[in-house]
Amino acid sequence: MSNCAIVGINWGDEGKGKIVDWLTSKVDGVVRFNGGNNAGHTIVVNGNKTVLRLIPSGVMHPTMQCCLGNGVVFSPSAFFSELDQLKEHGMDAESRLHVSGNCALLMPYHVALDHARENNLGKKKIGTTGRGIGPAYADKINRVGIRVHDLFNADHLHDKVEASLHQKNQMLVKLYNRRPI
């Protein structure tokens with residue numbers, strides 16, 4: 001068994017998705033190990049243009065198994081939107097997609113914090129996509145983030161969301177002078 005890793009040296013627009021798509025015919029599976037639903041990869045297959053921001057571009061090959069590894073920031077809305085887009089192009093990919101239960105879950109307060117921080121920096125802003133990826137990673141690193149596997153235990157999920165939301169609202173209101181969520 002051999003492995004092939006495609007790792008960029010810059011942030012974004014390097015063509016990694018196109019390289020993954022090109023190499024997919026030579027592998028058994030594609031794993032996305034990090035990142036979130038940021039800029040995306042534009043793929044054209046049989047004349048159909050598809051933009052994938054979260055799902056690995058290898059999914060366009062109908063027999064390919066695709067995984068989102070535990071380093072990925074998982075946005076359920078982006079994931080299901082992309083699944084719907086694939087279905088519109090006649091591609092049923094759902095059975096070939098696997099999501100690690102340890103993926104950090106992207107929450108609405110991550111997006112709100114991302115926007116608040118960028119606005120607070122003014123001319124010194126860093127230029128995020130505003131999709132909350134950075135704040136979600138910060139929660140993961142601080143071991144306070146919600147993970148995909150938390151979705152399967154309602155009581156545990158409720159407690160984690162309540163605690164996190166209280167903390168994030170304190171930041172939004174007191175630090176950034178924003179409305180609470």
# chains A, B, ... in the order shown; residues from 1 in each chain; ligands from 1
>>> closest_atom_pairs(of="stretch 13-87 of chain A", to="stretch 143-154 of chain A", cutoff="12 Å", atoms="only C-alpha atoms", output="tab-separated table")
residue	atom	partner	partner_atom	distance
A:Leu68	CA	A:Val148	CA	11.1
A:Gly69	CA	A:Val148	CA	11.2
A:Asn70	CA	A:Arg147	CA	9.2
A:Gly71	CA	A:Arg147	CA	10.8
A:Val72	CA	A:Arg147	CA	10.3
A:Val73	CA	A:Arg147	CA	8.9
A:Phe74	CA	A:Val148	CA	7.6
A:Ser75	CA	A:Val148	CA	9.6
A:Pro76	CA	A:Val148	CA	9.2
>>> residues_around(residues="A:Leu54", least_positions_apart="3", cutoff="7 Å", atoms="only C-alpha atoms", output="JSON, numbers by chain")
{"A": [36, 37, 78, 79]}
>>> write_last_selection(atoms="N, CA, C and O atoms", output="tab-separated table (two decimals), in the first residue's frame")
chain	number	residue	atom	x	y	z
A	36	GLY	N	-11.76	23.93	6.10
A	36	GLY	CA	-13.21	24.08	6.23
A	36	GLY	C	-13.80	24.52	4.91
A	36	GLY	O	-13.15	24.43	3.87
A	37	ASN	N	-15.01	25.02	4.96
A	37	ASN	CA	-15.70	25.43	3.74
A	37	ASN	C	-15.31	26.85	3.33
A	37	ASN	O	-16.12	27.74	3.23
A	78	ALA	N	-23.05	23.65	4.85
A	78	ALA	CA	-22.23	23.59	3.64
A	78	ALA	C	-22.20	22.17	3.09
A	78	ALA	O	-22.30	21.95	1.88
A	79	PHE	N	-22.08	21.20	3.98
A	79	PHE	CA	-22.01	19.80	3.57
A	79	PHE	C	-23.28	19.38	2.82
A	79	PHE	O	-23.21	18.84	1.72
>>> atom_distance(atom1="atom CA of A:Asp139", atom2="atom CA of A:Ala163")
12.3 Å
>>> closest_residue(among="A:His158, A:Gln167, A:Gly132, A:Met60", to="A:Asp92", atoms="only C-alpha atoms")
A:Met60
>>> select_by_dssp(residues="stretch 5-116 of chain A", states="alpha helix (DSSP H)", output="ChimeraX atom specification")
/A:16-23,76-88,108-116
>>> write_last_selection(atoms="C-alpha atoms", output="PDB file, in the first residue's frame")
ATOM      1  CA  LYS A  16      -4.786  21.511  -4.802  1.00  0.00           C
ATOM      2  CA  GLY A  17      -8.341  20.448  -5.669  1.00  0.00           C
ATOM      3  CA  LYS A  18      -7.490  20.096  -9.339  1.00  0.00           C
ATOM      4  CA  ILE A  19      -4.448  17.989  -8.491  1.00  0.00           C
ATOM      5  CA  VAL A  20      -6.539  15.783  -6.190  1.00  0.00           C
ATOM      6  CA  ASP A  21      -9.135  15.391  -8.932  1.00  0.00           C
ATOM      7  CA  TRP A  22      -6.456  14.495 -11.479  1.00  0.00           C
ATOM      8  CA  LEU A  23      -4.800  11.907  -9.195  1.00  0.00           C
ATOM      9  CA  PRO A  76     -23.444  20.831   8.251  1.00  0.00           C
ATOM     10  CA  SER A  77     -25.155  23.457   6.087  1.00  0.00           C
ATOM     11  CA  ALA A  78     -22.231  23.595   3.636  1.00  0.00           C
ATOM     12  CA  PHE A  79     -22.014  19.797   3.575  1.00  0.00           C
ATOM     13  CA  PHE A  80     -25.695  19.236   2.777  1.00  0.00           C
ATOM     14  CA  SER A  81     -25.738  22.105   0.291  1.00  0.00           C
ATOM     15  CA  GLU A  82     -22.861  20.486  -1.603  1.00  0.00           C
ATOM     16  CA  LEU A  83     -24.598  17.094  -1.467  1.00  0.00           C
ATOM     17  CA  ASP A  84     -27.690  18.691  -3.019  1.00  0.00           C
ATOM     18  CA  GLN A  85     -25.544  20.334  -5.701  1.00  0.00           C
ATOM     19  CA  LEU A  86     -23.989  16.964  -6.547  1.00  0.00           C
ATOM     20  CA  LYS A  87     -27.442  15.355  -6.765  1.00  0.00           C
ATOM     21  CA  GLU A  88     -28.531  18.102  -9.177  1.00  0.00           C
ATOM     22  CA  PRO A 108     -23.276  30.180  14.089  1.00  0.00           C
ATOM     23  CA  TYR A 109     -21.377  31.944  16.883  1.00  0.00           C
ATOM     24  CA  HIS A 110     -18.092  31.101  15.134  1.00  0.00           C
ATOM     25  CA  VAL A 111     -19.283  33.058  12.105  1.00  0.00           C
ATOM     26  CA  ALA A 112     -20.450  35.952  14.303  1.00  0.00           C
ATOM     27  CA  LEU A 113     -17.082  36.055  16.093  1.00  0.00           C
ATOM     28  CA  ASP A 114     -15.197  35.910  12.798  1.00  0.00           C
ATOM     29  CA  HIS A 115     -17.108  38.950  11.499  1.00  0.00           C
ATOM     30  CA  ALA A 116     -16.823  40.832  14.805  1.00  0.00           C
TER      31      ALA A 116
END
>>> select_by_dssp(residues="stretch 9-181 of chain A", states="strand (DSSP E)", output="list of chain:residue names")
A:Gly29, A:Val30, A:Val31, A:Arg32, A:His41, A:Thr42, A:Ile43, A:Val44, A:Val45, A:Asn48, A:Lys49, A:Thr50, A:Val51, A:Leu52, A:Gln65, A:Cys66, A:Cys67, A:Leu68, A:Val73, A:Phe74, A:Leu97, A:His98, A:Val99, A:Ala104, A:Leu105
>>> residues_around(residues="A:Ser25", least_positions_apart="5", cutoff="12 Å", atoms="only C-alpha atoms", output="ChimeraX atom specification")
/A:19-20,30,57-65
>>> write_last_selection(atoms="all heavy atoms", output="PDB file, in the first residue's frame")
ATOM      1  N   ILE A  19      -5.438  19.057  -8.558  1.00  0.00           N
ATOM      2  CA  ILE A  19      -4.448  17.989  -8.491  1.00  0.00           C
ATOM      3  C   ILE A  19      -5.065  16.739  -7.867  1.00  0.00           C
ATOM      4  O   ILE A  19      -4.868  15.623  -8.359  1.00  0.00           O
ATOM      5  CB  ILE A  19      -3.193  18.446  -7.712  1.00  0.00           C
ATOM      6  CG1 ILE A  19      -2.483  19.552  -8.501  1.00  0.00           C
ATOM      7  CG2 ILE A  19      -2.261  17.281  -7.441  1.00  0.00           C
ATOM      8  CD1 ILE A  19      -1.402  20.267  -7.733  1.00  0.00           C
ATOM      9  N   VAL A  20      -5.845  16.919  -6.806  1.00  0.00           N
ATOM     10  CA  VAL A  20      -6.539  15.783  -6.190  1.00  0.00           C
ATOM     11  C   VAL A  20      -7.450  15.125  -7.214  1.00  0.00           C
ATOM     12  O   VAL A  20      -7.447  13.901  -7.384  1.00  0.00           O
ATOM     13  CB  VAL A  20      -7.348  16.222  -4.949  1.00  0.00           C
ATOM     14  CG1 VAL A  20      -8.291  15.112  -4.491  1.00  0.00           C
ATOM     15  CG2 VAL A  20      -6.418  16.626  -3.820  1.00  0.00           C
ATOM     16  N   VAL A  30      -9.968   9.207  -1.046  1.00  0.00           N
ATOM     17  CA  VAL A  30      -9.482  10.574  -0.859  1.00  0.00           C
ATOM     18  C   VAL A  30      -9.875  11.017   0.544  1.00  0.00           C
ATOM     19  O   VAL A  30     -11.026  10.860   0.956  1.00  0.00           O
ATOM     20  CB  VAL A  30     -10.084  11.539  -1.906  1.00  0.00           C
ATOM     21  CG1 VAL A  30      -9.692  12.971  -1.610  1.00  0.00           C
ATOM     22  CG2 VAL A  30      -9.664  11.143  -3.307  1.00  0.00           C
ATOM     23  N   SER A  57     -12.685  16.988  -3.613  1.00  0.00           N
ATOM     24  CA  SER A  57     -12.985  17.017  -5.044  1.00  0.00           C
ATOM     25  C   SER A  57     -12.964  15.634  -5.682  1.00  0.00           C
ATOM     26  O   SER A  57     -13.559  15.434  -6.733  1.00  0.00           O
ATOM     27  CB  SER A  57     -12.021  17.949  -5.783  1.00  0.00           C
ATOM     28  OG  SER A  57     -10.688  17.546  -5.578  1.00  0.00           O
ATOM     29  N   GLY A  58     -12.339  14.656  -5.049  1.00  0.00           N
ATOM     30  CA  GLY A  58     -12.330  13.300  -5.580  1.00  0.00           C
ATOM     31  C   GLY A  58     -13.711  12.677  -5.668  1.00  0.00           C
ATOM     32  O   GLY A  58     -13.908  11.671  -6.346  1.00  0.00           O
ATOM     33  N   VAL A  59     -14.698  13.291  -5.004  1.00  0.00           N
ATOM     34  CA  VAL A  59     -16.059  12.758  -4.996  1.00  0.00           C
ATOM     35  C   VAL A  59     -16.688  12.736  -6.388  1.00  0.00           C
ATOM     36  O   VAL A  59     -17.629  11.995  -6.647  1.00  0.00           O
ATOM     37  CB  VAL A  59     -16.952  13.557  -4.009  1.00  0.00           C
ATOM     38  CG1 VAL A  59     -17.357  14.897  -4.602  1.00  0.00           C
ATOM     39  CG2 VAL A  59     -18.166  12.751  -3.596  1.00  0.00           C
ATOM     40  N   MET A  60     -16.128  13.513  -7.306  1.00  0.00           N
ATOM     41  CA  MET A  60     -16.678  13.569  -8.662  1.00  0.00           C
ATOM     42  C   MET A  60     -16.466  12.253  -9.414  1.00  0.00           C
ATOM     43  O   MET A  60     -17.084  12.018 -10.431  1.00  0.00           O
ATOM     44  CB  MET A  60     -16.063  14.735  -9.441  1.00  0.00           C
ATOM     45  CG  MET A  60     -16.295  16.094  -8.805  1.00  0.00           C
ATOM     46  SD  MET A  60     -18.037  16.502  -8.557  1.00  0.00           S
ATOM     47  CE  MET A  60     -18.515  16.841 -10.242  1.00  0.00           C
ATOM     48  N   HIS A  61     -15.607  11.397  -8.904  1.00  0.00           N
ATOM     49  CA  HIS A  61     -15.385  10.081  -9.502  1.00  0.00           C
ATOM     50  C   HIS A  61     -16.343   9.106  -8.817  1.00  0.00           C
ATOM     51  O   HIS A  61     -16.257   8.898  -7.608  1.00  0.00           O
ATOM     52  CB  HIS A  61     -13.927   9.657  -9.332  1.00  0.00           C
ATOM     53  CG  HIS A  61     -12.990  10.574 -10.038  1.00  0.00           C
ATOM     54  ND1 HIS A  61     -12.522  10.328 -11.306  1.00  0.00           N
ATOM     55  CD2 HIS A  61     -12.464  11.772  -9.673  1.00  0.00           C
ATOM     56  CE1 HIS A  61     -11.738  11.326 -11.685  1.00  0.00           C
ATOM     57  NE2 HIS A  61     -11.688  12.211 -10.702  1.00  0.00           N
ATOM     58  N   PRO A  62     -17.260   8.497  -9.553  1.00  0.00           N
ATOM     59  CA  PRO A  62     -18.394   7.777  -8.964  1.00  0.00           C
ATOM     60  C   PRO A  62     -18.072   6.566  -8.092  1.00  0.00           C
ATOM     61  O   PRO A  62     -18.940   6.117  -7.355  1.00  0.00           O
ATOM     62  CB  PRO A  62     -19.219   7.352 -10.178  1.00  0.00           C
ATOM     63  CG  PRO A  62     -18.379   7.554 -11.364  1.00  0.00           C
ATOM     64  CD  PRO A  62     -17.307   8.515 -11.010  1.00  0.00           C
ATOM     65  N   THR A  63     -16.863   6.050  -8.110  1.00  0.00           N
ATOM     66  CA  THR A  63     -16.545   4.915  -7.248  1.00  0.00           C
ATOM     67  C   THR A  63     -15.654   5.303  -6.077  1.00  0.00           C
ATOM     68  O   THR A  63     -15.303   4.457  -5.258  1.00  0.00           O
ATOM     69  CB  THR A  63     -15.835   3.806  -8.054  1.00  0.00           C
ATOM     70  OG1 THR A  63     -14.623   4.337  -8.592  1.00  0.00           O
ATOM     71  CG2 THR A  63     -16.723   3.286  -9.172  1.00  0.00           C
ATOM     72  N   MET A  64     -15.301   6.557  -5.978  1.00  0.00           N
ATOM     73  CA  MET A  64     -14.332   7.006  -4.979  1.00  0.00           C
ATOM     74  C   MET A  64     -14.958   7.159  -3.599  1.00  0.00           C
ATOM     75  O   MET A  64     -16.004   7.776  -3.440  1.00  0.00           O
ATOM     76  CB  MET A  64     -13.733   8.346  -5.419  1.00  0.00           C
ATOM     77  CG  MET A  64     -12.554   8.801  -4.592  1.00  0.00           C
ATOM     78  SD  MET A  64     -11.188   7.643  -4.479  1.00  0.00           S
ATOM     79  CE  MET A  64     -10.950   7.172  -6.185  1.00  0.00           C
ATOM     80  N   GLN A  65     -14.289   6.595  -2.586  1.00  0.00           N
ATOM     81  CA  GLN A  65     -14.658   6.800  -1.192  1.00  0.00           C
ATOM     82  C   GLN A  65     -13.955   8.072  -0.720  1.00  0.00           C
ATOM     83  O   GLN A  65     -12.757   8.243  -0.945  1.00  0.00           O
ATOM     84  CB  GLN A  65     -14.212   5.610  -0.336  1.00  0.00           C
ATOM     85  CG  GLN A  65     -14.899   4.315  -0.700  1.00  0.00           C
ATOM     86  CD  GLN A  65     -16.382   4.340  -0.380  1.00  0.00           C
ATOM     87  OE1 GLN A  65     -16.795   4.755   0.702  1.00  0.00           O
ATOM     88  NE2 GLN A  65     -17.187   3.928  -1.338  1.00  0.00           N
TER      89      GLN A  65
END
>>> decode(residues="stretch 51-115 of chain A", atoms="C-alpha atoms", output="short mmCIF file (atom, residue, chain, number, x, y, z; two decimals), in the first residue's frame")
data_model
loop_
_atom_site.label_atom_id
_atom_site.label_comp_id
_atom_site.auth_asym_id
_atom_site.auth_seq_id
_atom_site.Cartn_x
_atom_site.Cartn_y
_atom_site.Cartn_z
CA VAL A 51 -17.80 24.23 -6.63
CA LEU A 52 -16.84 22.14 -3.62
CA ARG A 53 -15.81 23.96 -0.48
CA LEU A 54 -15.93 21.12 2.03
CA ILE A 55 -16.37 17.78 0.28
CA PRO A 56 -13.12 16.48 -1.29
CA SER A 57 -12.99 17.02 -5.04
CA GLY A 58 -12.33 13.30 -5.58
CA VAL A 59 -16.06 12.76 -5.00
CA MET A 60 -16.68 13.57 -8.66
CA HIS A 61 -15.39 10.08 -9.50
CA PRO A 62 -18.39 7.78 -8.96
CA THR A 63 -16.54 4.91 -7.25
CA MET A 64 -14.33 7.01 -4.98
CA GLN A 65 -14.66 6.80 -1.19
CA CYS A 66 -14.13 10.24 0.36
CA CYS A 67 -13.43 11.05 4.00
CA LEU A 68 -13.44 14.22 6.04
CA GLY A 69 -10.80 13.65 8.71
CA ASN A 70 -10.71 14.88 12.28
CA GLY A 71 -8.76 18.03 11.34
CA VAL A 72 -11.66 19.36 9.28
CA VAL A 73 -14.00 22.09 10.53
CA PHE A 74 -17.39 20.64 9.59
CA SER A 75 -20.25 22.90 8.51
CA PRO A 76 -23.44 20.83 8.25
CA SER A 77 -25.16 23.46 6.09
CA ALA A 78 -22.23 23.59 3.64
CA PHE A 79 -22.01 19.80 3.57
CA PHE A 80 -25.70 19.24 2.78
CA SER A 81 -25.74 22.10 0.29
CA GLU A 82 -22.86 20.49 -1.60
CA LEU A 83 -24.60 17.09 -1.47
CA ASP A 84 -27.69 18.69 -3.02
CA GLN A 85 -25.54 20.33 -5.70
CA LEU A 86 -23.99 16.96 -6.55
CA LYS A 87 -27.44 15.36 -6.76
CA GLU A 88 -28.53 18.10 -9.18
CA HIS A 89 -25.71 16.92 -11.46
CA GLY A 90 -26.93 13.34 -11.19
CA MET A 91 -24.31 12.24 -8.71
CA ASP A 92 -25.36 10.33 -5.60
CA ALA A 93 -22.33 10.67 -3.36
CA GLU A 94 -23.91 10.27 0.06
CA SER A 95 -23.00 6.59 0.50
CA ARG A 96 -19.37 7.31 -0.43
CA LEU A 97 -18.80 10.11 2.08
CA HIS A 98 -17.49 9.48 5.57
CA VAL A 99 -17.18 12.14 8.26
CA SER A 100 -15.00 11.70 11.34
CA GLY A 101 -16.90 12.12 14.58
CA ASN A 102 -13.95 14.16 15.82
CA CYS A 103 -14.38 16.95 13.25
CA ALA A 104 -14.88 20.33 14.89
CA LEU A 105 -18.44 21.51 14.32
CA LEU A 106 -18.86 24.98 12.85
CA MET A 107 -21.45 26.90 14.86
CA PRO A 108 -23.28 30.18 14.09
CA TYR A 109 -21.38 31.94 16.88
CA HIS A 110 -18.09 31.10 15.13
CA VAL A 111 -19.28 33.06 12.11
CA ALA A 112 -20.45 35.95 14.30
CA LEU A 113 -17.08 36.05 16.09
CA ASP A 114 -15.20 35.91 12.80
CA HIS A 115 -17.11 38.95 11.50
#
